[in-house]
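Take a look at the structure below.
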Amino acid sequence: MDAQAKALMNQARCDRCGARFRTQASAKKQLWNAVFEGGEIVGFLCPDCQTADESAEATINEATLDYYGPDERGRTVARPKEGES
Ligand SMILES: [Zn+2]
């Protein structure tokens, strides 16, 4: 995760329970998920609120996507990793 993505995460709150990412224990921070819609981050989920499916999906996203941004509209977006598989 790059510095811009980290800055974004530091302002993040869980969509379901409102927990602040910034105040989580660092072991737990690793488990937070970004919620994607059409390649854009639209929200976040803390580990307590993720379903098993969401957790598995995040692991796949983490392995296969690069996060970058902000783009010209101020969004953080994701794209498939290149040159690795
Ligand atoms: Zn939560």
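Scheme for the structure tokens: letters A, B, ... for chains in order shown; per-chain residue numbers from 1; ligand numbers from 1 in order shown.
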- Task: Go through the chains and note each residue within 6 Å of ligand 1, using only C-alpha atoms and all ligand atoms, then give the set as number ranges by chain.
- Result: A: 14, 16-19, 45-46, 48-49
Please dump the current selection as a PDB file, in the first residue's frame; keep C-alpha atoms.
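Written out: part.pdb:
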ATOM      1  CA  CYS A  14     -16.033   1.027   9.017  1.00  0.00           C
ATOM      2  CA  ARG A  16     -21.112  -1.016   9.255  1.00  0.00           C
ATOM      3  CA  CYS A  17     -20.081  -0.173  12.830  1.00  0.00           C
ATOM      4  CA  GLY A  18     -18.316   3.174  12.374  1.00  0.00           C
ATOM      5  CA  ALA A  19     -15.037   2.022  13.964  1.00  0.00           C
ATOM      6  CA  LEU A  45     -15.037  -2.762   6.560  1.00  0.00           C
ATOM      7  CA  CYS A  46     -13.380  -3.589   9.862  1.00  0.00           C
ATOM      8  CA  ASP A  48     -15.368  -7.623  12.994  1.00  0.00           C
ATOM      9  CA  CYS A  49     -17.910  -6.728  10.319  1.00  0.00           C
TER      10      CYS A  49
END
- What lies within 7 Å of Phe21 in chain A using only C-alpha atoms, ignoring chain neighbours under 2 positions off, as a PyMOL selection string? chain A and resi 9-10+12-13+19+23-24+29
Can you spit out the residues from that selection as a compact mmCIF listing (two decimals), in the first residue's frame, using N, CA and C atoms?
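Here's the written file selection.txt:
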# COMPACT_ATOMS: atom_id res chain seq x y z
N MET A 9 -6.62 5.55 4.24
CA MET A 9 -7.02 4.61 5.29
C MET A 9 -7.07 5.28 6.66
N ASN A 10 -6.19 6.24 6.90
CA ASN A 10 -6.17 6.89 8.20
C ASN A 10 -7.43 7.70 8.47
N ALA A 12 -10.32 6.49 7.34
CA ALA A 12 -11.39 5.54 7.07
C ALA A 12 -12.16 5.17 8.34
N ARG A 13 -13.44 4.92 8.12
CA ARG A 13 -14.30 4.36 9.16
C ARG A 13 -15.00 3.14 8.58
N ALA A 19 -16.34 2.06 13.31
CA ALA A 19 -15.04 2.02 13.96
C ALA A 19 -14.02 2.80 13.13
N THR A 23 -7.62 4.06 14.97
CA THR A 23 -7.52 3.69 16.38
C THR A 23 -7.42 2.18 16.59
N GLN A 24 -7.38 1.41 15.52
CA GLN A 24 -7.31 -0.05 15.63
C GLN A 24 -5.88 -0.49 15.98
N LYS A 29 -5.38 -3.80 11.85
CA LYS A 29 -5.37 -2.95 10.65
C LYS A 29 -5.12 -3.76 9.39
- Message: Using DSSP secondary structure from the backbone, list all helix (DSSP H, G or I) positions within chain A, as a ChimeraX atom specification.
- Response: /A:3-10,21-23,26-29,52-64
- Message: If I take CA of Lys81 in chain A and CA of Gly69 in chain A, how far is one from the other in Å, to one decimal?
- Response: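 Separation between CA of Lys81 in chain A and CA of Gly69 in chain A: 14.6 Å.
Contact shell of range 1-5 of chain A at 10 Å (only C-alpha atoms; same-chain neighbours under 3 positions omitted): A:Leu8, A:Met9, A:Asn10, A:Glu62, A:Asp66, A:Tyr67, A:Tyr68, A:Gly69, A:Pro70, A:Thr76, A:Val77.
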